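Peer 1: mmCIF, C-alpha atoms, saved as model.cif, coming up:
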data_start
#
loop_
_atom_site.label_atom_id
_atom_site.label_comp_id
_atom_site.auth_asym_id
_atom_site.auth_seq_id
_atom_site.Cartn_x
_atom_site.Cartn_y
_atom_site.Cartn_z
CA MET D 1 0.00 0.00 0.00
CA GLY D 2 2.79 2.39 0.95
CA GLN D 3 4.57 1.76 -2.34
CA VAL D 4 1.38 2.40 -4.31
CA VAL D 5 0.80 5.78 -2.64
CA LEU D 6 4.46 6.75 -2.95
CA GLY D 7 4.41 5.80 -6.62
CA LEU D 8 1.21 7.76 -7.29
CA VAL D 9 2.56 10.85 -5.54
CA LEU D 10 5.84 10.72 -7.46
CA VAL D 11 4.05 10.19 -10.80
CA ALA D 12 1.65 13.09 -10.09
CA ILE D 13 4.52 15.44 -9.20
CA GLY D 14 6.49 14.34 -12.26
CA VAL D 15 3.54 14.82 -14.64
CA ALA D 16 2.81 18.28 -13.19
CA TRP D 17 6.46 19.27 -13.49
CA LEU D 18 6.62 18.03 -17.08
CA LEU D 19 3.45 19.91 -18.04
CA GLN D 20 4.92 23.08 -16.57
CA VAL D 21 8.22 22.70 -18.43
CA VAL D 22 6.88 21.43 -21.77
CA ALA D 23 3.46 23.03 -22.12
CA GLY D 24 3.89 26.07 -19.89
CA VAL D 25 1.02 24.99 -17.66
CA ASP D 26 0.85 27.14 -14.53
CA VAL D 27 0.98 24.39 -11.93
CA ARG D 28 -0.25 25.47 -8.52
CA TRP D 29 2.50 23.82 -6.47
CA GLU D 30 1.24 25.61 -3.38
CA LEU D 31 -1.87 23.36 -3.58
CA LEU D 32 -0.21 20.24 -4.98
CA ALA D 33 2.41 19.89 -2.25
CA PRO D 34 0.00 19.91 0.74
CA LEU D 35 -2.35 17.61 -1.17
CA ALA D 36 0.57 15.20 -1.64
CA LEU D 37 1.23 15.38 2.11
CA VAL D 38 -2.40 14.44 2.87
CA LEU D 39 -2.13 11.48 0.46
CA VAL D 40 1.17 10.40 1.99
CA GLY D 41 -0.42 10.58 5.46
CA ALA D 42 -3.38 8.49 4.29
CA GLY D 43 -0.95 5.99 2.82
CA VAL D 44 1.00 5.78 6.07
CA ILE D 45 -2.24 5.22 8.03
CA ALA D 46 -3.36 2.55 5.56
CA GLY D 47 0.02 0.86 5.79
CA ALA D 48 0.12 1.04 9.59
CA ARG D 49 -1.57 -2.36 9.85
CA THR D 50 1.42 -4.11 8.39
CA GLY D 51 4.15 -1.94 9.93
CA ALA D 52 5.86 1.40 9.43
CA PRO D 53 6.21 2.30 5.73
CA GLY D 54 9.64 3.91 5.92
CA GLY D 55 9.78 5.37 2.40
CA LEU D 56 6.46 7.15 2.74
CA ILE D 57 7.36 8.49 6.17
CA GLY D 58 10.59 9.91 4.74
CA VAL D 59 8.72 11.64 1.89
CA GLY D 60 6.14 12.96 4.37
CA LEU D 61 8.81 14.39 6.66
CA VAL D 62 10.55 16.16 3.77
CA LEU D 63 7.23 17.61 2.55
CA THR D 64 6.27 18.75 6.07
CA VAL D 65 9.58 20.55 6.66
CA LEU D 66 9.50 22.15 3.18
CA LEU D 67 5.91 23.34 3.59
CA ALA D 68 6.61 24.73 7.07
CA LEU D 69 9.65 26.64 5.78
CA VAL D 70 7.79 27.92 2.73
CA SER D 71 4.85 28.97 4.87
CA SER D 72 7.16 30.81 7.27
CA ILE D 73 8.99 32.59 4.44
CA GLY D 74 5.74 33.33 2.63
CA GLY D 75 4.44 35.05 5.73
CA LEU D 76 7.48 37.28 5.94
CA GLY D 77 6.82 40.79 4.77
CA ASP D 78 3.36 39.82 3.52
CA VAL D 79 4.85 38.27 0.38
CA PRO D 80 2.47 35.63 -0.94
CA PHE D 81 3.84 32.25 -1.96
CA ALA D 82 2.30 32.24 -5.41
CA GLY D 83 3.08 32.30 -9.10
CA GLY D 84 5.10 29.16 -9.63
CA PHE D 85 8.81 28.49 -9.97
CA GLY D 86 11.63 29.31 -12.37
CA ASP D 87 12.90 32.34 -14.25
CA ARG D 88 10.47 34.66 -15.99
CA VAL D 89 11.03 37.71 -18.18
CA LEU D 90 8.11 40.06 -18.93
CA ARG D 91 8.31 42.69 -21.67
CA PRO D 92 4.85 44.27 -21.93
CA ALA D 93 4.26 46.25 -25.11
CA THR D 94 1.91 48.66 -23.36
CA LEU D 95 1.04 49.47 -19.78
CA ASP D 96 -2.39 51.03 -19.61
CA GLY D 97 -3.69 49.75 -16.30
CA ASP D 98 -2.50 48.28 -13.04
CA GLU D 99 -0.77 44.90 -13.16
CA THR D 100 0.19 42.28 -10.59
CA HIS D 101 2.89 39.66 -11.09
CA ARG D 102 3.86 36.92 -8.63
CA LEU D 103 6.63 34.34 -8.53
CA ALA D 104 7.19 31.88 -5.69
CA ILE D 105 10.80 30.86 -6.30
CA GLY D 106 13.19 32.09 -8.99
CA GLU D 107 13.93 35.30 -10.86
CA LEU D 108 11.28 37.65 -12.18
CA GLU D 109 12.41 40.35 -14.58
CA ILE D 110 10.03 43.08 -15.72
CA ASP D 111 11.55 44.97 -18.62
CA LEU D 112 9.72 48.24 -19.26
CA ARG D 113 12.42 49.85 -21.44
CA ASP D 114 10.39 49.50 -24.63
CA THR D 115 6.97 49.67 -23.02
CA GLU D 116 4.48 52.28 -24.12
CA LEU D 117 3.12 53.89 -20.95
CA GLY D 118 -0.49 54.99 -20.61
CA ALA D 119 -1.57 58.52 -19.72
CA ALA D 120 -2.66 57.67 -16.19
CA ALA D 121 0.22 56.40 -14.06
CA PRO D 122 -0.22 52.62 -13.90
CA GLU D 123 0.79 50.70 -10.80
CA VAL D 124 2.86 47.54 -11.14
CA VAL D 125 2.72 45.26 -8.11
CA ALA D 126 5.25 42.42 -8.17
CA SER D 127 6.63 39.95 -5.67
CA VAL D 128 9.04 37.02 -5.46
CA THR D 129 8.90 34.89 -2.33
CA VAL D 130 12.42 33.51 -2.66
CA GLY D 131 14.74 34.86 -5.35
CA ARG D 132 15.35 37.99 -7.36
CA LEU D 133 13.04 40.68 -8.69
CA VAL D 134 14.45 42.98 -11.36
CA VAL D 135 12.67 45.94 -12.98
CA ARG D 136 14.26 47.81 -15.86
CA LEU D 137 12.83 51.27 -16.45
CA PRO D 138 12.64 53.36 -19.60
CA THR D 139 14.83 56.46 -19.70
CA GLY D 140 12.96 59.68 -19.25
CA ALA D 141 10.00 58.25 -17.33
CA SER D 142 9.79 59.34 -13.71
CA VAL D 143 8.75 56.74 -11.19
CA ARG D 144 7.71 56.22 -7.62
CA VAL D 145 9.12 52.99 -6.22
CA GLU D 146 8.30 51.25 -2.96
CA ALA D 147 10.54 48.20 -2.59
CA ARG D 148 10.99 45.91 0.38
CA ALA D 149 12.71 42.69 1.35
CA ALA D 150 11.95 40.65 4.45
CA ALA D 151 15.51 39.33 4.30
CA GLY D 152 18.02 40.39 1.67
CA SER D 153 18.77 43.54 -0.25
CA VAL D 154 16.99 46.32 -2.11
CA GLN D 155 18.69 48.41 -4.81
CA VAL D 156 16.63 51.18 -6.36
CA LEU D 157 18.13 53.62 -8.86
CA GLY D 158 21.44 53.94 -7.07
CA GLU D 159 20.14 53.69 -3.51
CA SER D 160 20.53 50.44 -1.63
CA ALA D 161 19.78 48.79 1.68
CA GLU D 162 20.26 45.30 2.98
CA GLY D 163 19.45 43.22 6.03
CA LEU D 164 16.20 42.13 7.63
CA ASP D 165 12.94 43.88 6.91
CA VAL D 166 14.50 46.51 4.64
CA GLU D 167 12.46 48.99 2.69
CA LEU D 168 13.30 51.75 0.23
CA THR D 169 11.04 54.40 -1.22
CA VAL D 170 12.25 56.46 -4.15
CA ASP D 171 10.05 59.21 -5.47
CA GLU D 172 11.45 61.14 -8.37
CA GLY D 173 9.33 64.14 -7.48
CA ARG D 174 7.69 64.92 -10.75
CA ALA D 175 4.32 63.44 -11.61
CA PRO D 176 5.32 59.77 -11.83
CA ALA D 177 4.66 57.86 -15.04
CA VAL D 178 4.78 54.50 -13.24
CA LEU D 179 4.20 53.39 -9.67
CA LEU D 180 6.08 50.30 -8.56
CA ASP D 181 5.21 48.25 -5.48
CA LEU D 182 7.89 45.54 -5.23
CA ALA D 183 8.59 42.92 -2.59
CA VAL D 184 10.70 39.83 -1.97
CA GLY D 185 10.53 37.48 1.01
CA VAL D 186 14.14 36.29 0.85
CA GLY D 187 16.34 37.68 -1.91
CA GLU D 188 16.95 40.85 -3.85
CA VAL D 189 15.00 43.65 -5.47
CA VAL D 190 16.77 45.61 -8.22
CA VAL D 191 15.33 48.61 -10.04
CA GLU D 192 17.51 50.17 -12.71
CA ARG D 193 17.47 52.11 -15.97
CA MET C 1 -7.25 -1.20 16.89
CA ARG C 2 -5.47 -4.51 17.36
CA GLY C 3 -2.74 -5.10 14.81
CA TRP C 4 -2.06 -1.42 14.12
CA HIS C 5 1.47 -0.11 14.31
CA PRO C 6 1.00 2.82 16.77
CA GLY C 7 4.03 4.80 15.62
CA ALA C 8 3.11 4.62 11.93
CA LEU C 9 -0.51 5.50 12.73
CA ALA C 10 0.61 8.57 14.69
CA VAL C 11 2.90 9.72 11.88
CA GLY C 12 0.12 9.22 9.33
CA VAL C 13 -2.35 11.26 11.40
CA PHE C 14 0.27 13.98 11.78
CA PHE C 15 0.89 14.16 8.00
CA VAL C 16 -2.84 14.29 7.20
CA MET C 17 -3.40 17.05 9.76
CA MET C 18 -0.47 19.17 8.61
CA GLY C 19 -1.29 18.58 4.94
CA GLY C 20 -4.82 19.80 5.66
CA VAL C 21 -3.52 22.89 7.45
CA PHE C 22 -1.15 23.82 4.59
CA LEU C 23 -3.84 23.04 2.00
CA LEU C 24 -6.29 25.42 3.65
CA GLU C 25 -3.57 28.06 3.80
CA ALA C 26 -2.75 27.60 0.10
CA ALA C 27 -6.46 27.80 -0.76
CA GLY C 28 -6.65 31.14 1.02
CA VAL C 29 -9.00 29.95 3.76
CA TRP C 30 -6.64 31.38 6.37
CA ASP C 31 -3.35 33.18 6.41
CA LEU C 32 -0.59 31.44 8.33
CA GLY C 33 2.30 33.58 9.48
CA PRO C 34 5.67 32.37 10.72
CA ALA C 35 4.42 32.84 14.27
CA GLN C 36 1.64 30.27 13.78
CA VAL C 37 3.37 27.57 11.71
CA TRP C 38 5.71 26.16 14.32
CA PRO C 39 3.18 26.04 17.21
CA LEU C 40 0.77 24.28 14.82
CA LEU C 41 3.45 21.70 14.02
CA LEU C 42 3.88 21.13 17.75
CA ILE C 43 0.10 20.74 18.22
CA GLY C 44 0.00 18.26 15.33
CA LEU C 45 2.86 16.31 16.85
CA GLY C 46 1.07 16.29 20.23
CA VAL C 47 -2.17 15.00 18.71
CA ALA C 48 -0.23 12.30 16.86
CA VAL C 49 1.45 11.21 20.09
CA LEU C 50 -1.96 11.11 21.84
CA VAL C 51 -3.39 8.96 19.02
CA SER C 52 -0.39 6.68 19.25
CA GLY C 53 -0.85 6.41 23.05
CA ALA C 54 -4.55 5.65 22.67
CA VAL C 55 -3.81 2.86 20.18
CA ARG C 56 -1.17 1.37 22.49
CA GLY C 57 -3.55 1.58 25.47
CA GLY C 58 -6.29 -0.16 23.53
CA GLU C 59 -4.16 -3.20 22.76
#
Written as structure tokens, how would this file's structure read?
Peer 2:
Amino acid sequence: MGQVVLGLVLVAIGVAWLLQVVAGVDVRWELLAPLALVLVGAGVIAGARTGAPGGLIGVGLVLTVLLALVSSIGGLGDVPFAGGFGDRVLRPATLDGDETHRLAIGELEIDLRDTELGAAAPEVVASVTVGRLVVRLPTGASVRVEARAAAGSVQVLGESAEGLDVELTVDEGRAPAVLLDLAVGVGEVVVER
Amino acid sequence: MRGWHPGALAVGVFFVMMGGVFLLEAAGVWDLGPAQVWPLLLIGLGVAVLVSGAVRGGE
């Protein structure tokens, strides 16, 4: 029984991972991982009649520790654990309204250098739970940036801060063309031209 | 509960409980902060030990 559950969990994780890599499916790992833990627990209970299924217990312990760490980090600085994994580069052609972008683990780059900005100052909200968040700005466009890191560093247009619970606000004074609200749980925020 | 392995049963109950807690968090039902995660793990562990004790006592 334990082997069946372990096999099913591994196959499900593998298929989800493959779909994400090959077909670009946005797999909600934040739901899949706890669901796998519930299944592993059910498998351990079912196998408890015949003894202690060691393999399943090992997988369950790893999942529990990972989920506890992720949940702790995700709670830091109000950075949601959402948006998947990996490296992502966004180059929007236009920016007319407010946008929100999330990444759980990896690097998120938002390149606005060739973006056509709308008349009303749009707000871009972006977060990376663990990793790096980079925003590249067009020359000539004034911005207001609020950037924070629960643990790590923040570098905004020449100003920088690092440590725990760091925050930087840079307001270029003139009527801003873009408002940026950026956050990382653990990692780095970089805003540059 | 004769024939059950108490330790394995306790671990299984613990995994199901914690999986449920993290699933509800991921679904947005509640918002777990770092201050709540570790006490919840301890509570889960305690419940699992109690279940294990109950199974042992019943044999």
Peer 1: Written as an mmCIF file with C-alpha atoms, keeping the file's coordinate frame, what is the full residue list that the PyMOL selection byres ((chain D and resi 168-177) around 7) yields on the file shown?
Peer 2:
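Writing done, so here's result19.cif:
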data_model
loop_
_atom_site.group_PDB
_atom_site.id
_atom_site.type_symbol
_atom_site.label_atom_id
_atom_site.label_comp_id
_atom_site.auth_asym_id
_atom_site.auth_seq_id
_atom_site.Cartn_x
_atom_site.Cartn_y
_atom_site.Cartn_z
ATOM 1 C CA ALA D 121 0.220 56.400 -14.060
ATOM 2 C CA ALA D 141 10.000 58.250 -17.330
ATOM 3 C CA SER D 142 9.790 59.340 -13.710
ATOM 4 C CA VAL D 143 8.750 56.740 -11.190
ATOM 5 C CA ARG D 144 7.710 56.220 -7.620
ATOM 6 C CA VAL D 145 9.120 52.990 -6.220
ATOM 7 C CA GLU D 146 8.300 51.250 -2.960
ATOM 8 C CA ALA D 147 10.540 48.200 -2.590
ATOM 9 C CA ARG D 148 10.990 45.910 0.380
ATOM 10 C CA VAL D 154 16.990 46.320 -2.110
ATOM 11 C CA VAL D 166 14.500 46.510 4.640
ATOM 12 C CA GLU D 167 12.460 48.990 2.690
ATOM 13 C CA VAL D 178 4.780 54.500 -13.240
ATOM 14 C CA LEU D 179 4.200 53.390 -9.670
#
Peer 1: So, with only C-alpha atoms as the atoms that count, which of D:Val70, D:Glu107, D:Asp181, D:Ile57 lies closest to Val16 of chain C?
Peer 2: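 Closest residue, counting only C-alpha atoms: D:Ile57.
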Peer 1: List the spatial neighbours of Leu42 of chain C as a ChimeraX atom specification - criterion: any atom at most 12 Å away, all atoms listed in the file, same-chain residues fewer than 5 positions off excluded.
Peer 2: /D:68 /C:14,17-18,36-37,47-49
Peer 1: Write down, as a list in words, each residue of chain D that has any atom within 7 Å of an atom of chain C, counting all atoms listed in the file.
Peer 2: Glu30, Leu31, Pro34, Leu35, Leu37, Val38, Gly41, Ala42, Val44, Ile45, Ala48, Arg49, Gly51, Ala52, Gly60, Ala68, Ser71, Ser72 and Gly75 of chain D
Peer 1: When the PyMOL selection byres ((chain D and resi 98) around 12) is applied to the file above, which residues end up in the set, as a ChimeraX atom specification?
Peer 2: /D:94-97,99-101,117-118,120-126,178-181
Peer 1: Residues as selected, C-alpha atoms, written as a tab-separated table (two decimals), in the coordinates of the input, can you do that?
Peer 2:
chain	number	residue	atom	x	y	z
D	94	THR	CA	1.91	48.66	-23.36
D	95	LEU	CA	1.04	49.47	-19.78
D	96	ASP	CA	-2.39	51.03	-19.61
D	97	GLY	CA	-3.69	49.75	-16.30
D	99	GLU	CA	-0.77	44.90	-13.16
D	100	THR	CA	0.19	42.28	-10.59
D	101	HIS	CA	2.89	39.66	-11.09
D	117	LEU	CA	3.12	53.89	-20.95
D	118	GLY	CA	-0.49	54.99	-20.61
D	120	ALA	CA	-2.66	57.67	-16.19
D	121	ALA	CA	0.22	56.40	-14.06
D	122	PRO	CA	-0.22	52.62	-13.90
D	123	GLU	CA	0.79	50.70	-10.80
D	124	VAL	CA	2.86	47.54	-11.14
D	125	VAL	CA	2.72	45.26	-8.11
D	126	ALA	CA	5.25	42.42	-8.17
D	178	VAL	CA	4.78	54.50	-13.24
D	179	LEU	CA	4.20	53.39	-9.67
D	180	LEU	CA	6.08	50.30	-8.56
D	181	ASP	CA	5.21	48.25	-5.48
Peer 1: Mind giving me the straight-line distance from atom CA of Arg56 of chain C to atom CA of Thr50 of chain D in Å, one decimal?
Peer 2: 15.3 Å
Peer 1: Give me the residues near segment 2-14 of chain D as a PyMOL selection string, where near means some atom within 6 Å (using only C-alpha atoms) and where sequence neighbours in that chain fewer than 2 positions away do not count.
Peer 2: chain D and resi 16-17+43+47+53
Peer 1: Could those residues be written to a file, using C-alpha atoms, as a PDB file, in the coordinates of the input?
Peer 2:
ATOM      1  CA  ALA D  16       2.810  18.280 -13.190  1.00  0.00           C
ATOM      2  CA  TRP D  17       6.460  19.270 -13.490  1.00  0.00           C
ATOM      3  CA  GLY D  43      -0.950   5.990   2.820  1.00  0.00           C
ATOM      4  CA  GLY D  47       0.020   0.860   5.790  1.00  0.00           C
ATOM      5  CA  PRO D  53       6.210   2.300   5.730  1.00  0.00           C
TER       6      PRO D  53
END
Peer 1: Could you jot down the atom CA of Leu45 of chain C to atom CA of Val29 of chain C separation for me, Å, one decimal place?
Peer 2: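 Straight-line distance from atom CA of Leu45 of chain C to atom CA of Val29 of chain C works out to 22.3 Å.
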Peer 1: Atom CA of Ala33 of chain D and atom CA of Leu69 of chain D, how far apart in Å?
Peer 2: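 Those two atoms sit 12.7 Å apart.
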